[in-house]
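Here's the structure, in structure tokens; my notes come after.
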Amino acid sequence: MRTGPTLRERRDQMVAAVGAVDGLGGELWRASSADLEAVMGEADRMVAAGEAARVLVLAEAMSRGETGAGPAALTPVQWVRAHAPSTRGGGAVQVVTVATAFSVPGRAAVKDAVLSGELPVRSAAVVLAEADRLAPLLAEGVEPAVVDGLVEMAVRHGPRGCRMLRPRLLAEYGLDGELQRDEDAAKRFVSLSQPRIDAMGMAEYRMVLDPEGRAVLEAALGPLSAPRPVEGERDLRCSDRRRAEALITLVRRAVERAEAGPRHTKCQLFVTVGLDALRDGLRGAGVAMGGPEAGTLLAPQTVRRLACDATIIPTVLGVAGAVLDQGMDVRLFTAAQVKRLWLRDQHCTYPGCDMPAHWTDAHHLTHWADGGPTDLSNAALLCERHHTIVHTRRYAGALVQDATGPRVQWDLTVGSYDRALATQSAREPA
Ligand SMILES: [Zn+2]
Ligand SMILES: [Zn+2]
């Protein structure tokens with residue numbers, strides 16, 4: 001029992017559809033604007049349908065071994081280029097990638113979206129590449145949900161949308177700690193080039209930031225780089241110029257402030273994080289709130305470290321998303337405490353580091369997230385780099401007394417913090 005046209009009839013229909021474009025130019029002059037819009041829509045559907053048909057035909061040819069048969073055996077890519085000449089300028093590889101995935105059960109969502117004309121082949125190839133990259137990082141059984149999410153983003157926002165989904169997918173579906181590993185790996189690519197100076201003396205920099213760096217920078221630049229009208233006259237500086245000037249203002253202020261002594265920095269970045277994510281530090285993620293970076297995901301360990309520092313205000317969400325603690329009062333060292341800490345520690349307390357006090361953070365020796373109090377006996381100065389290392393390698397620090405007074409001593413064995421914490425909680429009855 002056959003339903004629908006035969007293959008012969010379908011070919012004739014395709015020929016007729018292509019024929020409809022012949023001489024189209026001569027007719028368009030009489031089209032109303034509504035006609036133009038409608039014809040544009042149909043032309044676009046023809047392109048999508050043509051792409052889908054190409055992939056279907058190739059999938060059939062490959063399944064029969066046609067592409068590699070005959071005296072002049074071709075690779076699938078060569079076969080596509082031979083029979084679909086418009087791909088000779090590019091795109092044949094993507095057709096093959098997508099056709100190959102048509103026979104993979106876990107990629108059914110890609111097939112459906114391509115055949116319905118919703119997902120262009122170029123986007124489908126990006127979805128497949130991203131799905132392959134994510135696959136080894138995912139918990140068991142979640143791959144179809146991840147592929148669905150990627151397809152949906154690619155349909156709505158194109159390939160870029162699908163790449164931007166990666167942190168969210170890792171947070172939700174990744175194996176324990178994968179978002180953190182991803183974020184830690186991203187740190188290696190952070191860079192700021194030396195200036196390239198042109199004939200006018202203008203300097204060009206190239207900067208690459210990880211999600212955390214971007215969230216911090218954008219949260220600070222956001223309010224500083226807003227247009228500022230002067231006496232009612234519009235601010236005509238372009239956005240890039242306002243951003244660059246805001247960055248210089250930031251640096252200038254930071255250097256001045258360093259000399260002036262500790263003061264509370266203004267709240268710059270708000271992060272929400274689930275209590276469980278903060279406690280177990282593996283699954284889930286924090287989300288930056290407000291400003292241009294709203295929605296940037298941050299891995300839980302990153303949020304824990306940021307929670308030590310005054311510039312980030314985490315909002316801890318308990319079960320059912322109720323706000324448990326705005327953080328501010330109990331978490332931040334006061335300016336007076338920081339002043340005494342500067343006098344006590346003088347510089348970063350990490351062995352061998354002499355980063356001056358005004359460039360350091362006040363770290364909670366028993367992390368704030370683990371219920372560590374905000375007082376001097378639980379505090380140590382650490383520069384940004386060593387602060388990160390202490391949190392990622394989970395080093396324990398303790399305040400010891402020696403001849404010259406109190407001093408912070410670090411145990412540089414990986415995980416010493418967790419062992420100290422376990423001993424401590426074994427001693428204290430719950
Ligand atoms: Zn810390
Ligand atoms: Zn240091």
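Chain labels run A, B, ... following the order of the structure tokens; each chain numbers its residues from 1, and ligands are numbered from 1 in the order shown.
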Discussion item. Hey, which residues sit close to ligand 2? Say within 6 Å, counting only C-alpha atoms and all ligand atoms, and write them as a ChimeraX atom specification.
Written reply: /A:348,350,353,355,382-383,386
task = May I ask you to write as a list in words all residues lying at most 6 Å from ligand 1, with only C-alpha atoms and all ligand atoms counted?
result =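 Final answer, ordered by chain and number: Arg305, Cys308, His363, His364 and His387 of chain A.
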Item to check | One-decimal distance in Å that lies between CA of Glu212 in chain A and CA of Phe333 in chain A | outcome: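 Answer for the CA of Phe333 in chain A to CA of Glu212 in chain A separation: 22.4 Å.
Residues of range 185-241 of chain A assigned to strand (DSSP E or B) by DSSP on this structure's backbone: Ser191, Leu192, Arg196, Ile197, Ala203, Glu204, Met207, Val208, Val230 and Glu233 of chain A.
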Residue selection dump (C-alpha atoms) as a compact mmCIF listing (two decimals), in the first residue's frame:
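Ended up saving to again_36.txt:
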```
# COMPACT_ATOMS: atom_id res chain seq x y z
CA SER A 191 45.25 36.12 28.82
CA LEU A 192 46.00 39.78 28.31
CA ARG A 196 50.53 46.53 20.08
CA ILE A 197 51.36 50.17 19.46
CA ALA A 203 47.83 50.63 22.03
CA GLU A 204 45.79 47.60 21.13
CA MET A 207 42.09 39.99 26.32
CA VAL A 208 40.60 36.53 26.88
CA VAL A 230 26.58 66.53 30.60
CA GLU A 233 23.48 66.98 26.50
```
